[in-house]
Amino acid sequence: MKKLYLTGFLALALACNVLEPETAVPAGREGGMIEVTAVLADAPVDSRTTLAGDAVQFAWSADDAILAIDGEGVQTVCPVTSIDADGTARFSVPAGTAYATYPAEPAITLSDNTATLKFPTVQTLSEAGGEKVGNGANPMFGRLEGDRLRFTNLGGILMFRLLGTKTLTALTFKSNNMKTPALSGASTFSVTAETPQAALVSGNGNGHYGYVKVTGREIPLNTATPAEICLVVPAAAYEESMVILEFSDGSAYSYITPKTVTVNRSRITRLAPFNVDGLLPKDPVDLSAGGTSRSNCYLVVAGAEPKAYSFPAKKILGEGFEGAKIAQIHWTESTTLFNNVCYDAATQTISFRYGGKNEEGNATIVLDTNNLNSAECLWSWHLWATDQPKDVILNQPESSPRPMPNYLLDRNVGATWAPEKASDIENMTEAQALESIGVYHQYGNHITFPRVRKFAVESKAYANTAVKAIYGFSYYVQKQAQSSAIKKNIPETQKYPNYFYHKKINSDASGRLNGMDITLWVDPDETPIVGGPSGDGENLWETSTSAHEKLTDHDPCPQGYVIVTATDMYNCTYDFKFQYKELPGAGESGLLGMWNADNSGNFLWFPAAGYMGQGAVKMIGRRVVHWTYYTGDEMMTYLCRRTLADYTNNHVAFNFGNVPIASQGHNTRCRKL
């Protein structure tokens, strides 16, 4: 077995499956077998092979094998025949062998001069210890020159050096995969190149692994000597990467690397040692007020200094999650906004660090099983950093029959700016208008979708999102996309927080759908949720009538707030004078929003946030639309959203009466509990 040793450091073992050798000469081949010596092209031929410039030594073991390939592509698995005192290995290969690969991977494919192999997704640590990289984790390509096979490394090595007091059980390294392709999976190289090098695993980001995981045994850390964990990956510059560490006490820690990590072929990239204990969030502030105010969205007030926060890894109504292993950033508007995410299985708590510097923005955290190819998202939470929002109530005229019953948040969920007075509107910049928009939700769904980065019509899915990085929580989630599949039940929706669902349904549902595009979300009793709640299934955004608690696990509002009712939205707009703001020369995206105020100076702004949906995931301006919650005794019971203004149709007043299109994404507004 080919191994990597590092002199003077703690040794870790990586072992992979040993292939059964095929010793028979293939039919029709002339010349029988020949003896060859394996050497490394990157090092002196006749010495113990080392990587130049690094204290790393490769060694063969008796159970190793290579794959010999002739000029016609015929492949033969050949076990090692001998290893001399200097560690030089010899193999018996068929006459006519042109080149060979290590490990003896029978799944290698050839097309003309291009070979395809697979970088392993999992590099398993052996219990024995000693070697750094085991069989299969370090792919090599060798050419036959006389009686010597000159092997060339196809990838590079990334080394993590960890200090601390915990015991490590697994390390996962992820690339962003918005720019960098996947880390593992099918990779190609040219067999005729002077120095063959494995190409990055290509693809559109979906269906590729995007990570490498080292696991298999426990590694006690200490505070004096770094434990060294090696990963073999394609040579590349990995920007905005993520590392996940799992520990024997049931805790797991994920962090975003602050700099691009560059790995060169046949070289070791040693990362600076770091103390794991020092990076874990210390004394976090509980955002749930002791666990009694759980939410799917947690609001952090932006500040100058970094600060640690925590919340229970449970649903709003208190249910925990079986099989949870890790929590990590799913998507984020900034790689410095939130970091150092820790999940503690013993306490079922998620903690994280806000980066400070008064930075504002949004991100989502997912709770995951981290079970390799079958990894599953168990739940997701929205993290929202902004300046301190205000609670607003408009003082109606005494003659008004529609008093505003509750305080409303002064901004949409996810917005990072809200005007406070008329002059703020008059002097509003386009950047401020975009900051006031906030994130998007589909009806009844707590999953948060990103906000827009510009006023534009985009037909390509997620082309207009203000997302800096999307890491994904599993091999199938590397970027956001749309899906035409109908979700079978509500729990199934939570497994794919990167998918925005769209489906065209030709049904009028007693005149309430009008044949428009809609996603049918189905509850466990298979009752479609398309409006409601009367006759249309469970209302997943039910709000508290006592104004003291949340009543649903799907509420998308932050701690201390619930989604507005139809009455809230109607009464805070109907009896007041309004004004609207346009962006000159912006064409169909010209409407920035509408606002109203009472005689006491209380002020509410409603930005034109557009919508997501209709065939492709696109976000455009022109429309002021908010989701609302309805009960049977409120106006227009069967509608599940309100259109407050539509620039396209020259609506210059608050307007109510749109049909429910649950497959579209809209802003949400919240009222205080």
# chains A, B, ... in the order shown; residues from 1 in each chain; ligands from 1
>>> select_by_dssp(residues="region 210-403 of chain A", states="alpha helix (DSSP H)", output="PyMOL selection string")
chain A and resi 276-279
>>> residues_around(residues="Asp147 (chain A)", least_positions_apart="6", cutoff="7 Å", atoms="only C-alpha atoms", output="list in words")
Glu35, Val36 and Thr37 of chain A
>>> write_last_selection(atoms="N, CA, C and O atoms", output="PDB file, in the first residue's frame")
ATOM      1  N   GLU A  35       9.163  -7.970 -15.865  1.00  0.00           N
ATOM      2  CA  GLU A  35       9.375  -7.367 -14.556  1.00  0.00           C
ATOM      3  C   GLU A  35       9.760  -5.897 -14.736  1.00  0.00           C
ATOM      4  O   GLU A  35      10.631  -5.562 -15.558  1.00  0.00           O
ATOM      5  N   VAL A  36       9.115  -5.014 -13.970  1.00  0.00           N
ATOM      6  CA  VAL A  36       9.411  -3.587 -14.052  1.00  0.00           C
ATOM      7  C   VAL A  36       9.616  -3.035 -12.641  1.00  0.00           C
ATOM      8  O   VAL A  36       9.100  -3.584 -11.660  1.00  0.00           O
ATOM      9  N   THR A  37      10.347  -1.922 -12.564  1.00  0.00           N
ATOM     10  CA  THR A  37      10.601  -1.239 -11.303  1.00  0.00           C
ATOM     11  C   THR A  37       9.812   0.065 -11.274  1.00  0.00           C
ATOM     12  O   THR A  37       9.809   0.815 -12.258  1.00  0.00           O
TER      13      THR A  37
END
>>> atom_distance(atom1="CA of Pro558 (chain A)", atom2="CA of Leu299 (chain A)")
5.8 Å
>>> residues_around(residues="Pro389 (chain A)", least_positions_apart="4", cutoff="8 Å", atoms="only C-alpha atoms", output="PDB file with all heavy atoms, in the first residue's frame")
ATOM      1  N   LEU A 409     -43.152  45.666  12.042  1.00  0.00           N
ATOM      2  CA  LEU A 409     -41.738  45.915  11.848  1.00  0.00           C
ATOM      3  C   LEU A 409     -41.571  46.948  10.740  1.00  0.00           C
ATOM      4  O   LEU A 409     -42.301  46.928   9.749  1.00  0.00           O
ATOM      5  CB  LEU A 409     -41.036  44.611  11.464  1.00  0.00           C
ATOM      6  CG  LEU A 409     -39.561  44.439  11.822  1.00  0.00           C
ATOM      7  CD1 LEU A 409     -39.324  44.615  13.311  1.00  0.00           C
ATOM      8  CD2 LEU A 409     -39.078  43.068  11.376  1.00  0.00           C
ATOM      9  N   ASP A 410     -40.619  47.845  10.893  1.00  0.00           N
ATOM     10  CA  ASP A 410     -40.487  48.942   9.935  1.00  0.00           C
ATOM     11  C   ASP A 410     -39.884  48.528   8.601  1.00  0.00           C
ATOM     12  O   ASP A 410     -39.729  49.352   7.705  1.00  0.00           O
ATOM     13  CB  ASP A 410     -39.636  50.075  10.542  1.00  0.00           C
ATOM     14  CG  ASP A 410     -38.179  49.670  10.759  1.00  0.00           C
ATOM     15  OD1 ASP A 410     -37.852  48.468  10.638  1.00  0.00           O
ATOM     16  OD2 ASP A 410     -37.361  50.564  11.064  1.00  0.00           O
ATOM     17  N   ARG A 411     -39.553  47.240   8.444  1.00  0.00           N
ATOM     18  CA  ARG A 411     -38.913  46.785   7.211  1.00  0.00           C
ATOM     19  C   ARG A 411     -39.313  45.341   6.910  1.00  0.00           C
ATOM     20  O   ARG A 411     -39.821  44.628   7.782  1.00  0.00           O
ATOM     21  CB  ARG A 411     -37.395  46.876   7.331  1.00  0.00           C
ATOM     22  CG  ARG A 411     -36.801  45.972   8.402  1.00  0.00           C
ATOM     23  CD  ARG A 411     -35.385  46.399   8.765  1.00  0.00           C
ATOM     24  NE  ARG A 411     -35.384  47.687   9.448  1.00  0.00           N
ATOM     25  CZ  ARG A 411     -34.291  48.386   9.726  1.00  0.00           C
ATOM     26  NH1 ARG A 411     -33.107  47.943   9.362  1.00  0.00           N
ATOM     27  NH2 ARG A 411     -34.368  49.541  10.364  1.00  0.00           N
TER      28      ARG A 411
END
>>> closest_residue(among="A:Thr347, A:Ser92, A:Asn264, A:Thr573", to="Ala597 (chain A)", atoms="only C-alpha atoms")
A:Thr573
>>> residues_around(residues="region 352-361 of chain A", least_positions_apart="2", cutoff="6 Å", atoms="only C-alpha atoms", output="list in words")
Ala302, Gly303, Ala304, Glu305, Pro306, Lys307, Ala308, Tyr309, Thr336, Leu337, Phe338, Asn339, Asn340, Val341, Ala385 and Thr386 of chain A
>>> select_by_dssp(residues="region 186-359 of chain A", states="strand (DSSP E)", output="JSON, numbers by chain")
{"A": [186, 187, 188, 189, 190, 211, 212, 213, 214, 215, 216, 217, 218, 219, 220, 227, 228, 229, 230, 231, 232, 233, 236, 237, 238, 242, 243, 244, 245, 246, 247, 251, 252, 253, 254, 255, 256, 261, 262, 263, 268, 269, 270, 274, 275, 285, 286, 297, 298, 299, 300, 301, 307, 308, 309, 310, 311, 312, 326, 327, 328, 329, 330, 331, 332, 338, 339, 340, 341, 342, 343, 344, 349, 350, 351, 352, 353, 354]}
>>> atom_distance(atom1="CA of Gly73 (chain A)", atom2="CA of Leu40 (chain A)")
22.6 Å
>>> atom_distance(atom1="CA of Ser175 (chain A)", atom2="CA of Phe119 (chain A)")
14.5 Å
>>> residues_around(residues="region 286-291 of chain A", least_positions_apart="4", cutoff="7 Å", atoms="only C-alpha atoms", output="list in words")
Tyr298, Tyr309, Ser310, Phe311, Pro312 and Gln559 of chain A
>>> residues_around(residues="region 362-364 of chain A", least_positions_apart="2", cutoff="7 Å", atoms="only C-alpha atoms", output="PyMOL selection string")
chain A and resi 329-333+366+380-385+414
>>> closest_residue(among="A:Leu408, A:Ala456, A:Ser251, A:Asn602", to="Ala422 (chain A)", atoms="only C-alpha atoms")
A:Asn602
>>> residues_around(residues="region 152-158 of chain A", least_positions_apart="2", cutoff="8 Å", atoms="only C-alpha atoms", output="ChimeraX atom specification")
/A:40-42,138-142,150,160,195-198,230-235,263-271
>>> closest_residue(among="A:Gly185, A:Pro94, A:Gly444, A:Gly164", to="Leu280 (chain A)", atoms="only C-alpha atoms")
A:Gly164
>>> decode(residues="region 64-111 of chain A", atoms="N, CA and C atoms", output="CSV table (one decimal), in the first residue's frame")
chain,number,residue,atom,x,y,z
A,64,ASP,N,-0.1,-3.8,-2.3
A,64,ASP,CA,-0.4,-2.8,-3.3
A,64,ASP,C,-0.6,-3.5,-4.7
A,65,ALA,N,-1.2,-2.7,-5.6
A,65,ALA,CA,-1.4,-3.2,-7.0
A,65,ALA,C,-1.5,-2.0,-7.9
A,66,ILE,N,-1.1,-2.2,-9.1
A,66,ILE,CA,-1.3,-1.1,-10.1
A,66,ILE,C,-2.1,-1.6,-11.3
A,67,LEU,N,-2.6,-0.8,-12.1
A,67,LEU,CA,-3.3,-1.1,-13.3
A,67,LEU,C,-2.5,-0.9,-14.5
A,68,ALA,N,-2.1,-1.9,-15.2
A,68,ALA,CA,-1.3,-1.8,-16.4
A,68,ALA,C,-2.2,-1.7,-17.6
A,69,ILE,N,-1.8,-0.8,-18.5
A,69,ILE,CA,-2.7,-0.5,-19.7
A,69,ILE,C,-1.8,-0.5,-20.9
A,70,ASP,N,-2.2,-1.3,-22.0
A,70,ASP,CA,-1.4,-1.4,-23.2
A,70,ASP,C,-1.9,-0.3,-24.2
A,71,GLY,N,-1.2,-0.3,-25.3
A,71,GLY,CA,-1.6,0.7,-26.3
A,71,GLY,C,-3.0,0.6,-26.9
A,72,GLU,N,-3.6,-0.5,-26.7
A,72,GLU,CA,-5.0,-0.7,-27.2
A,72,GLU,C,-6.0,-0.5,-26.1
A,73,GLY,N,-5.5,-0.1,-24.9
A,73,GLY,CA,-6.4,0.2,-23.8
A,73,GLY,C,-6.8,-1.0,-23.0
A,74,VAL,N,-6.2,-2.2,-23.2
A,74,VAL,CA,-6.5,-3.4,-22.4
A,74,VAL,C,-5.8,-3.2,-21.1
A,75,GLN,N,-6.6,-3.5,-20.0
A,75,GLN,CA,-6.2,-3.2,-18.6
A,75,GLN,C,-6.0,-4.5,-17.8
A,76,THR,N,-4.9,-4.5,-17.0
A,76,THR,CA,-4.6,-5.7,-16.2
A,76,THR,C,-4.2,-5.2,-14.8
A,77,VAL,N,-4.8,-5.8,-13.8
A,77,VAL,CA,-4.5,-5.5,-12.4
A,77,VAL,C,-3.2,-6.3,-12.0
A,78,CYS,N,-2.2,-5.6,-11.6
A,78,CYS,CA,-0.9,-6.3,-11.3
A,78,CYS,C,-0.5,-6.0,-9.9
A,79,PRO,N,-0.4,-7.1,-9.0
A,79,PRO,CA,0.0,-6.8,-7.6
A,79,PRO,C,1.6,-6.6,-7.6
A,80,VAL,N,2.0,-6.1,-6.5
A,80,VAL,CA,3.5,-5.9,-6.3
A,80,VAL,C,4.1,-7.3,-6.1
A,81,THR,N,5.3,-7.5,-6.7
A,81,THR,CA,5.9,-8.8,-6.6
A,81,THR,C,7.0,-8.7,-5.6
A,82,SER,N,7.7,-7.6,-5.4
A,82,SER,CA,8.7,-7.5,-4.3
A,82,SER,C,9.0,-6.0,-4.0
A,83,ILE,N,9.5,-5.9,-2.8
A,83,ILE,CA,10.0,-4.5,-2.3
A,83,ILE,C,11.3,-4.7,-1.7
A,84,ASP,N,12.4,-4.0,-2.2
A,84,ASP,CA,13.7,-4.2,-1.7
A,84,ASP,C,13.9,-3.4,-0.4
A,85,ALA,N,15.2,-3.5,0.1
A,85,ALA,CA,15.5,-2.8,1.4
A,85,ALA,C,15.4,-1.3,1.3
A,86,ASP,N,15.5,-0.8,0.1
A,86,ASP,CA,15.4,0.7,0.0
A,86,ASP,C,13.9,1.1,-0.3
A,87,GLY,N,13.0,0.2,-0.3
A,87,GLY,CA,11.6,0.5,-0.5
A,87,GLY,C,11.2,0.5,-1.9
A,88,THR,N,12.1,0.2,-2.9
A,88,THR,CA,11.7,0.2,-4.3
A,88,THR,C,10.9,-1.0,-4.6
A,89,ALA,N,9.7,-0.8,-5.3
A,89,ALA,CA,8.8,-1.9,-5.6
A,89,ALA,C,9.0,-2.4,-7.0
A,90,ARG,N,8.7,-3.6,-7.2
A,90,ARG,CA,8.8,-4.2,-8.6
A,90,ARG,C,7.4,-4.9,-8.9
A,91,PHE,N,7.0,-4.9,-10.1
A,91,PHE,CA,5.7,-5.4,-10.6
A,91,PHE,C,6.0,-6.3,-11.8
A,92,SER,N,5.1,-7.3,-12.0
A,92,SER,CA,5.1,-8.1,-13.2
A,92,SER,C,3.9,-7.7,-14.0
A,93,VAL,N,4.2,-7.1,-15.2
A,93,VAL,CA,3.2,-6.5,-16.1
A,93,VAL,C,3.2,-7.2,-17.4
A,94,PRO,N,2.1,-7.2,-18.2
A,94,PRO,CA,2.2,-7.8,-19.5
A,94,PRO,C,3.1,-7.1,-20.4
A,95,ALA,N,3.8,-7.8,-21.3
A,95,ALA,CA,4.6,-7.2,-22.3
A,95,ALA,C,3.7,-6.4,-23.2
A,96,GLY,N,4.1,-5.2,-23.7
A,96,GLY,CA,3.3,-4.3,-24.4
A,96,GLY,C,2.6,-3.3,-23.6
A,97,THR,N,2.8,-3.3,-22.3
A,97,THR,CA,2.3,-2.3,-21.4
A,97,THR,C,2.8,-0.9,-21.8
A,98,ALA,N,2.0,0.0,-21.9
A,98,ALA,CA,2.4,1.4,-22.3
A,98,ALA,C,2.5,2.3,-21.0
A,99,TYR,N,1.5,2.1,-20.1
A,99,TYR,CA,1.5,2.9,-18.9
A,99,TYR,C,0.7,2.2,-17.9
A,100,ALA,N,0.7,2.8,-16.7
A,100,ALA,CA,0.0,2.2,-15.6
A,100,ALA,C,-0.6,3.3,-14.7
A,101,THR,N,-1.6,3.0,-13.9
A,101,THR,CA,-2.1,3.9,-12.9
A,101,THR,C,-2.1,3.3,-11.5
A,102,TYR,N,-1.9,4.1,-10.5
A,102,TYR,CA,-2.1,3.7,-9.1
A,102,TYR,C,-3.1,4.6,-8.5
A,103,PRO,N,-4.1,4.1,-7.8
A,103,PRO,CA,-4.3,2.7,-7.5
A,103,PRO,C,-4.8,1.9,-8.7
A,104,ALA,N,-4.9,0.6,-8.5
A,104,ALA,CA,-5.4,-0.2,-9.6
A,104,ALA,C,-6.9,-0.1,-9.7
A,105,GLU,N,-7.3,1.0,-10.3
A,105,GLU,CA,-8.7,1.4,-10.4
A,105,GLU,C,-9.3,0.8,-11.7
A,106,PRO,N,-10.1,-0.3,-11.6
A,106,PRO,CA,-10.7,-0.9,-12.8
A,106,PRO,C,-11.7,0.0,-13.5
A,107,ALA,N,-12.2,1.1,-12.9
A,107,ALA,CA,-13.2,1.9,-13.5
A,107,ALA,C,-12.6,3.0,-14.4
A,108,ILE,N,-11.3,3.1,-14.5
A,108,ILE,CA,-10.7,4.1,-15.3
A,108,ILE,C,-11.1,3.9,-16.8
A,109,THR,N,-11.4,5.0,-17.5
A,109,THR,CA,-11.8,4.9,-18.9
A,109,THR,C,-10.8,5.7,-19.7
A,110,LEU,N,-10.7,5.3,-21.0
A,110,LEU,CA,-9.8,5.9,-21.9
A,110,LEU,C,-10.6,6.4,-23.2
A,111,SER,N,-10.3,7.6,-23.7
A,111,SER,CA,-10.9,8.0,-24.9
A,111,SER,C,-9.8,8.8,-25.6
